[in-house]
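*Asks:* One structure follows; several queries about it will come next.
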Amino acid sequence: MNPNNTKPAAKQKMGYFARLFARWAGHQHAPVLLAIISFIEASFFPIPPYAMLIPMCIAKPEKAKWFALVGTVASTLGGLLGYAIGHFAADWSRELIAQWGYTSAFAATEAFFKEWGGLSILVSAISPLPYKVMTITSGLFGMNIAVFILTSLLARGLRFYVAALTAAKATEVIQKRMALDQPRSDS
């Protein structure tokens with residue numbers, strides 16, 4: 001237990017980013033900011049873009065599909081950066097794995113990924129496994145780039161559209177409920 005009862009530094013930073021993204025969600029350039037965050041999150045940034053996407057969809061539910069498309073495309077493009085990181089680090093990674101004595105385990109993982117890599121990306125869309133791990137792994141093991149792009153578009157699209165449309169629908173339901181709860185004035 002922390003005697004000062006303060007949050008750990010990592011949680012404080014994540015809370016800061018969540019508040020910052022929520023503030024940015026109302027900005028006129030929010031879709032561009034969402035694209036940037038979605039791009040960098042797909043390869044190295046630790047904060048998911050949903051922290052910005054959801055407030056954007058609450059503020060403008062009629063644009064939820066557009067916001068989801070922006071996030072999906074930018075995230076897939078960012079995934080290509082992650083793929084490149086894995087691809088260009090492959091030789092170095094293999095040398096390091098060999099030094100540590102894990103060559104056979106690495107080979108078994110690579111064989112599994114070559115057979116099930118596309119499904120792994122789809123599964124990462126609905127699991128807590130970070131997409132950036134899958135993008136780098138895809139490049140590391142040389143996944144077919146067309147399969148990578150297609151499964152990334154499908155997987156990221158699934159997450160972005162579900163989050164965006166859920167936030168928009170919830171906003172619509174809440175607004176209707178609030179309208180029903182308003183006292184009516186008799187003229």
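By order in the structure tokens, chains are A, B, ...; within a chain, residues start at 1; ligands start at 1, following the order shown.
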List the neighbours of A:Thr166 out to 10 Å using only C-alpha atoms; skip same-chain residues closer than 4 positions along the sequence, and give me the result as a list in words.
*Replies:* Ile54, Cys57, Ile58, Pro61, Ala64, Phe160, Tyr161, Val162, Ala170, Thr171 and Glu172 of chain A
*Asks:* With all heavy atoms retained, write the just-selected residues as a PDB file, in the first residue's frame.
*Replies:*
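Dumped everything to out38.pdb:
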ATOM      1  N   ILE A  54     -15.328   7.667 -28.079  1.00  0.00           N
ATOM      2  CA  ILE A  54     -16.623   7.608 -27.389  1.00  0.00           C
ATOM      3  C   ILE A  54     -17.156   9.008 -27.059  1.00  0.00           C
ATOM      4  O   ILE A  54     -18.311   9.312 -27.376  1.00  0.00           O
ATOM      5  CB  ILE A  54     -16.550   6.674 -26.173  1.00  0.00           C
ATOM      6  CG1 ILE A  54     -16.384   5.226 -26.685  1.00  0.00           C
ATOM      7  CG2 ILE A  54     -17.780   6.809 -25.279  1.00  0.00           C
ATOM      8  CD1 ILE A  54     -16.069   4.198 -25.634  1.00  0.00           C
ATOM      9  N   CYS A  57     -18.501  10.559 -30.185  1.00  0.00           N
ATOM     10  CA  CYS A  57     -19.790   9.996 -30.617  1.00  0.00           C
ATOM     11  C   CYS A  57     -20.936  10.435 -29.711  1.00  0.00           C
ATOM     12  O   CYS A  57     -22.077  10.518 -30.156  1.00  0.00           O
ATOM     13  CB  CYS A  57     -19.699   8.473 -30.682  1.00  0.00           C
ATOM     14  SG  CYS A  57     -18.560   7.912 -31.968  1.00  0.00           S
ATOM     15  N   ILE A  58     -20.623  10.726 -28.467  1.00  0.00           N
ATOM     16  CA  ILE A  58     -21.643  11.249 -27.559  1.00  0.00           C
ATOM     17  C   ILE A  58     -21.967  12.695 -27.942  1.00  0.00           C
ATOM     18  O   ILE A  58     -23.126  13.094 -27.967  1.00  0.00           O
ATOM     19  CB  ILE A  58     -21.169  11.144 -26.087  1.00  0.00           C
ATOM     20  CG1 ILE A  58     -21.143   9.668 -25.672  1.00  0.00           C
ATOM     21  CG2 ILE A  58     -22.052  11.970 -25.158  1.00  0.00           C
ATOM     22  CD1 ILE A  58     -20.460   9.406 -24.347  1.00  0.00           C
ATOM     23  N   PRO A  61     -23.576  12.245 -32.178  1.00  0.00           N
ATOM     24  CA  PRO A  61     -23.950  10.867 -32.508  1.00  0.00           C
ATOM     25  C   PRO A  61     -24.257  10.652 -33.990  1.00  0.00           C
ATOM     26  O   PRO A  61     -24.066   9.562 -34.515  1.00  0.00           O
ATOM     27  CB  PRO A  61     -25.176  10.597 -31.633  1.00  0.00           C
ATOM     28  CG  PRO A  61     -25.600  11.892 -31.072  1.00  0.00           C
ATOM     29  CD  PRO A  61     -24.469  12.846 -31.192  1.00  0.00           C
ATOM     30  N   ALA A  64     -21.195   9.285 -35.844  1.00  0.00           N
ATOM     31  CA  ALA A  64     -20.538   8.106 -35.260  1.00  0.00           C
ATOM     32  C   ALA A  64     -19.939   7.188 -36.322  1.00  0.00           C
ATOM     33  O   ALA A  64     -18.814   6.702 -36.165  1.00  0.00           O
ATOM     34  CB  ALA A  64     -21.517   7.327 -34.379  1.00  0.00           C
ATOM     35  N   PHE A 160     -14.065  -0.357 -33.643  1.00  0.00           N
ATOM     36  CA  PHE A 160     -14.417   1.057 -33.757  1.00  0.00           C
ATOM     37  C   PHE A 160     -15.918   1.251 -33.985  1.00  0.00           C
ATOM     38  O   PHE A 160     -16.530   2.120 -33.365  1.00  0.00           O
ATOM     39  CB  PHE A 160     -13.618   1.739 -34.876  1.00  0.00           C
ATOM     40  CG  PHE A 160     -12.246   2.166 -34.453  1.00  0.00           C
ATOM     41  CD1 PHE A 160     -11.145   1.348 -34.678  1.00  0.00           C
ATOM     42  CD2 PHE A 160     -12.041   3.382 -33.835  1.00  0.00           C
ATOM     43  CE1 PHE A 160      -9.872   1.743 -34.284  1.00  0.00           C
ATOM     44  CE2 PHE A 160     -10.775   3.789 -33.444  1.00  0.00           C
ATOM     45  CZ  PHE A 160      -9.682   2.957 -33.671  1.00  0.00           C
ATOM     46  N   TYR A 161     -16.500   0.458 -34.865  1.00  0.00           N
ATOM     47  CA  TYR A 161     -17.931   0.619 -35.146  1.00  0.00           C
ATOM     48  C   TYR A 161     -18.790   0.223 -33.956  1.00  0.00           C
ATOM     49  O   TYR A 161     -19.776   0.900 -33.652  1.00  0.00           O
ATOM     50  CB  TYR A 161     -18.338  -0.137 -36.420  1.00  0.00           C
ATOM     51  CG  TYR A 161     -18.051   0.657 -37.665  1.00  0.00           C
ATOM     52  CD1 TYR A 161     -16.825   0.561 -38.303  1.00  0.00           C
ATOM     53  CD2 TYR A 161     -18.984   1.548 -38.179  1.00  0.00           C
ATOM     54  CE1 TYR A 161     -16.543   1.314 -39.434  1.00  0.00           C
ATOM     55  CE2 TYR A 161     -18.715   2.310 -39.311  1.00  0.00           C
ATOM     56  CZ  TYR A 161     -17.490   2.182 -39.931  1.00  0.00           C
ATOM     57  OH  TYR A 161     -17.222   2.941 -41.043  1.00  0.00           O
ATOM     58  N   VAL A 162     -18.439  -0.854 -33.268  1.00  0.00           N
ATOM     59  CA  VAL A 162     -19.218  -1.241 -32.083  1.00  0.00           C
ATOM     60  C   VAL A 162     -19.152  -0.142 -31.030  1.00  0.00           C
ATOM     61  O   VAL A 162     -20.178   0.263 -30.467  1.00  0.00           O
ATOM     62  CB  VAL A 162     -18.752  -2.605 -31.518  1.00  0.00           C
ATOM     63  CG1 VAL A 162     -19.303  -2.847 -30.131  1.00  0.00           C
ATOM     64  CG2 VAL A 162     -19.162  -3.741 -32.453  1.00  0.00           C
ATOM     65  N   ALA A 170     -26.613   4.937 -27.223  1.00  0.00           N
ATOM     66  CA  ALA A 170     -26.836   5.252 -25.805  1.00  0.00           C
ATOM     67  C   ALA A 170     -27.185   6.724 -25.635  1.00  0.00           C
ATOM     68  O   ALA A 170     -28.073   7.084 -24.849  1.00  0.00           O
ATOM     69  CB  ALA A 170     -25.604   4.894 -24.981  1.00  0.00           C
ATOM     70  N   THR A 171     -26.510   7.588 -26.375  1.00  0.00           N
ATOM     71  CA  THR A 171     -26.800   9.021 -26.320  1.00  0.00           C
ATOM     72  C   THR A 171     -28.222   9.293 -26.780  1.00  0.00           C
ATOM     73  O   THR A 171     -28.959  10.066 -26.141  1.00  0.00           O
ATOM     74  CB  THR A 171     -25.794   9.795 -27.201  1.00  0.00           C
ATOM     75  OG1 THR A 171     -24.479   9.538 -26.702  1.00  0.00           O
ATOM     76  CG2 THR A 171     -26.070  11.284 -27.188  1.00  0.00           C
ATOM     77  N   GLU A 172     -28.632   8.662 -27.858  1.00  0.00           N
ATOM     78  CA  GLU A 172     -29.994   8.830 -28.379  1.00  0.00           C
ATOM     79  C   GLU A 172     -31.036   8.383 -27.350  1.00  0.00           C
ATOM     80  O   GLU A 172     -32.015   9.089 -27.098  1.00  0.00           O
ATOM     81  CB  GLU A 172     -30.137   8.010 -29.660  1.00  0.00           C
ATOM     82  CG  GLU A 172     -31.514   8.044 -30.280  1.00  0.00           C
ATOM     83  CD  GLU A 172     -31.598   7.084 -31.472  1.00  0.00           C
ATOM     84  OE1 GLU A 172     -30.651   7.049 -32.276  1.00  0.00           O
ATOM     85  OE2 GLU A 172     -32.612   6.378 -31.570  1.00  0.00           O
TER      86      GLU A 172
END
*Asks:* Give me the residues within 10 Å of A:Met56 as a list in words, counting only C-alpha atoms and dropping any in the same chain fewer than 5 places off.
*Replies:*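 What passes the distance filter is Phe21, Ala22, Arg23, Trp24, Ala25, Gly26, His27, Ala30, Pro31, Leu34, Tyr50, Ala51, Pro61, Lys63, Ala64, Phe67, Ala164, Ala167 and Ala168 of chain A.
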*Asks:* Would you work out the distance separating atom CA of A:Ser75 from atom CA of A:Ala89, expressed in Å to one decimal?
*Replies:*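 It comes out at 20.8 Å.
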*Asks:* Could you list, as a PyMOL selection string, every residue within 8 Å of stretch 149-151 of chain A, counting only C-alpha atoms and ignoring same-chain residues fewer than 4 positions away?
*Replies:* chain A and resi 76+80+118-119+121-122+145+155
*Asks:* If you run DSSP on the backbone here, which positions in stretch 22-155 of chain A get alpha helix (DSSP H)? Please write them as number ranges by chain.
*Replies:* A: 22-24, 30-41, 50-59, 64-88, 90-100, 103-126, 131-140, 145-155
*Asks:* Save out the residues we just selected, C-alpha atoms, as an mmCIF file, in the first residue's frame.
*Replies:*
data_model
loop_
_atom_site.group_PDB
_atom_site.id
_atom_site.type_symbol
_atom_site.label_atom_id
_atom_site.label_comp_id
_atom_site.auth_asym_id
_atom_site.auth_seq_id
_atom_site.Cartn_x
_atom_site.Cartn_y
_atom_site.Cartn_z
ATOM 1 C CA ALA A 22 -12.305 13.856 -23.737
ATOM 2 C CA ARG A 23 -11.498 17.581 -23.969
ATOM 3 C CA TRP A 24 -10.200 17.179 -27.523
ATOM 4 C CA ALA A 30 -11.307 16.070 -33.455
ATOM 5 C CA PRO A 31 -11.426 13.619 -36.407
ATOM 6 C CA VAL A 32 -7.819 14.491 -37.297
ATOM 7 C CA LEU A 33 -6.762 14.043 -33.679
ATOM 8 C CA LEU A 34 -8.639 10.726 -33.554
ATOM 9 C CA ALA A 35 -6.798 9.624 -36.714
ATOM 10 C CA ILE A 36 -3.426 10.511 -35.200
ATOM 11 C CA ILE A 37 -4.176 8.745 -31.928
ATOM 12 C CA SER A 38 -5.559 5.687 -33.742
ATOM 13 C CA PHE A 39 -2.467 5.555 -35.954
ATOM 14 C CA ILE A 40 0.105 5.734 -33.161
ATOM 15 C CA GLU A 41 -1.850 3.437 -30.818
ATOM 16 C CA TYR A 50 -11.731 4.812 -27.660
ATOM 17 C CA ALA A 51 -11.002 7.322 -24.894
ATOM 18 C CA MET A 52 -11.498 9.959 -27.589
ATOM 19 C CA LEU A 53 -13.867 8.148 -29.948
ATOM 20 C CA ILE A 54 -16.623 7.608 -27.389
ATOM 21 C CA PRO A 55 -16.868 11.260 -26.237
ATOM 22 C CA MET A 56 -16.849 12.309 -29.908
ATOM 23 C CA CYS A 57 -19.790 9.996 -30.617
ATOM 24 C CA ILE A 58 -21.643 11.249 -27.559
ATOM 25 C CA ALA A 59 -21.125 14.871 -28.640
ATOM 26 C CA ALA A 64 -20.538 8.106 -35.260
ATOM 27 C CA LYS A 65 -20.138 6.075 -38.458
ATOM 28 C CA TRP A 66 -17.759 8.659 -39.891
ATOM 29 C CA PHE A 67 -15.681 8.701 -36.697
ATOM 30 C CA ALA A 68 -15.536 4.888 -36.715
ATOM 31 C CA LEU A 69 -14.344 4.903 -40.325
ATOM 32 C CA VAL A 70 -11.628 7.460 -39.541
ATOM 33 C CA GLY A 71 -10.433 5.374 -36.583
ATOM 34 C CA THR A 72 -10.535 2.118 -38.547
ATOM 35 C CA VAL A 73 -8.520 3.382 -41.503
ATOM 36 C CA ALA A 74 -5.988 5.283 -39.379
ATOM 37 C CA SER A 75 -5.545 2.322 -37.047
ATOM 38 C CA THR A 76 -4.983 -0.057 -39.950
ATOM 39 C CA LEU A 77 -2.404 2.317 -41.421
ATOM 40 C CA GLY A 78 -0.754 2.543 -38.000
ATOM 41 C CA GLY A 79 -0.813 -1.241 -37.928
ATOM 42 C CA LEU A 80 1.336 -1.182 -41.044
ATOM 43 C CA LEU A 81 3.900 0.827 -39.057
ATOM 44 C CA GLY A 82 3.785 -1.850 -36.347
ATOM 45 C CA TYR A 83 4.178 -4.506 -39.039
ATOM 46 C CA ALA A 84 7.258 -2.658 -40.349
ATOM 47 C CA ILE A 85 8.723 -2.445 -36.834
ATOM 48 C CA GLY A 86 8.344 -6.219 -36.472
ATOM 49 C CA HIS A 87 9.671 -6.871 -39.954
ATOM 50 C CA PHE A 88 12.806 -4.769 -39.524
ATOM 51 C CA ALA A 90 13.090 -9.767 -37.123
ATOM 52 C CA ASP A 91 16.808 -10.548 -37.548
ATOM 53 C CA TRP A 92 17.757 -8.836 -34.305
ATOM 54 C CA SER A 93 14.906 -10.637 -32.498
ATOM 55 C CA ARG A 94 15.986 -14.039 -33.827
ATOM 56 C CA GLU A 95 19.565 -13.428 -32.654
ATOM 57 C CA LEU A 96 18.361 -12.394 -29.223
ATOM 58 C CA ILE A 97 16.023 -15.396 -28.955
ATOM 59 C CA ALA A 98 18.907 -17.713 -29.944
ATOM 60 C CA GLN A 99 21.170 -16.152 -27.287
ATOM 61 C CA TRP A 100 18.499 -16.773 -24.670
ATOM 62 C CA THR A 103 14.970 -20.938 -30.642
ATOM 63 C CA SER A 104 12.649 -23.978 -30.651
ATOM 64 C CA ALA A 105 9.892 -22.148 -28.752
ATOM 65 C CA PHE A 106 10.243 -19.193 -31.123
ATOM 66 C CA ALA A 107 10.011 -21.533 -34.140
ATOM 67 C CA ALA A 108 6.885 -23.186 -32.720
ATOM 68 C CA THR A 109 5.288 -19.789 -32.118
ATOM 69 C CA GLU A 110 6.199 -18.702 -35.626
ATOM 70 C CA ALA A 111 4.658 -21.867 -37.122
ATOM 71 C CA PHE A 112 1.486 -21.305 -35.111
ATOM 72 C CA PHE A 113 1.306 -17.676 -36.175
ATOM 73 C CA LYS A 114 1.897 -18.458 -39.848
ATOM 74 C CA GLU A 115 -1.083 -20.819 -39.735
ATOM 75 C CA TRP A 116 -3.379 -18.804 -37.461
ATOM 76 C CA GLY A 117 -2.086 -15.220 -37.747
ATOM 77 C CA GLY A 118 -5.176 -13.849 -39.494
ATOM 78 C CA LEU A 119 -7.428 -15.368 -36.863
ATOM 79 C CA SER A 120 -5.111 -14.023 -34.154
ATOM 80 C CA ILE A 121 -5.665 -10.484 -35.400
ATOM 81 C CA LEU A 122 -9.429 -11.026 -35.464
ATOM 82 C CA VAL A 123 -9.358 -12.416 -31.922
ATOM 83 C CA SER A 124 -7.295 -9.457 -30.740
ATOM 84 C CA ALA A 125 -10.177 -7.230 -31.850
ATOM 85 C CA ILE A 126 -12.472 -8.663 -29.205
ATOM 86 C CA TYR A 131 -3.520 -4.662 -31.320
ATOM 87 C CA LYS A 132 0.034 -3.278 -31.384
ATOM 88 C CA VAL A 133 1.321 -6.648 -30.163
ATOM 89 C CA MET A 134 -0.364 -8.338 -33.118
ATOM 90 C CA THR A 135 0.900 -5.785 -35.643
ATOM 91 C CA ILE A 136 4.512 -6.148 -34.544
ATOM 92 C CA THR A 137 4.195 -9.940 -34.338
ATOM 93 C CA SER A 138 2.719 -10.016 -37.845
ATOM 94 C CA GLY A 139 5.754 -8.232 -39.223
ATOM 95 C CA LEU A 140 8.146 -10.277 -37.122
ATOM 96 C CA ILE A 145 0.604 -8.387 -46.031
ATOM 97 C CA ALA A 146 -2.745 -8.656 -47.861
ATOM 98 C CA VAL A 147 -4.120 -10.943 -45.129
ATOM 99 C CA PHE A 148 -2.753 -8.547 -42.531
ATOM 100 C CA ILE A 149 -4.459 -5.528 -44.100
ATOM 101 C CA LEU A 150 -7.797 -7.281 -44.644
ATOM 102 C CA THR A 151 -7.968 -8.784 -41.167
ATOM 103 C CA SER A 152 -6.853 -5.486 -39.633
ATOM 104 C CA LEU A 153 -9.590 -3.569 -41.447
ATOM 105 C CA LEU A 154 -12.172 -6.127 -40.357
ATOM 106 C CA ALA A 155 -10.927 -6.425 -36.771
#
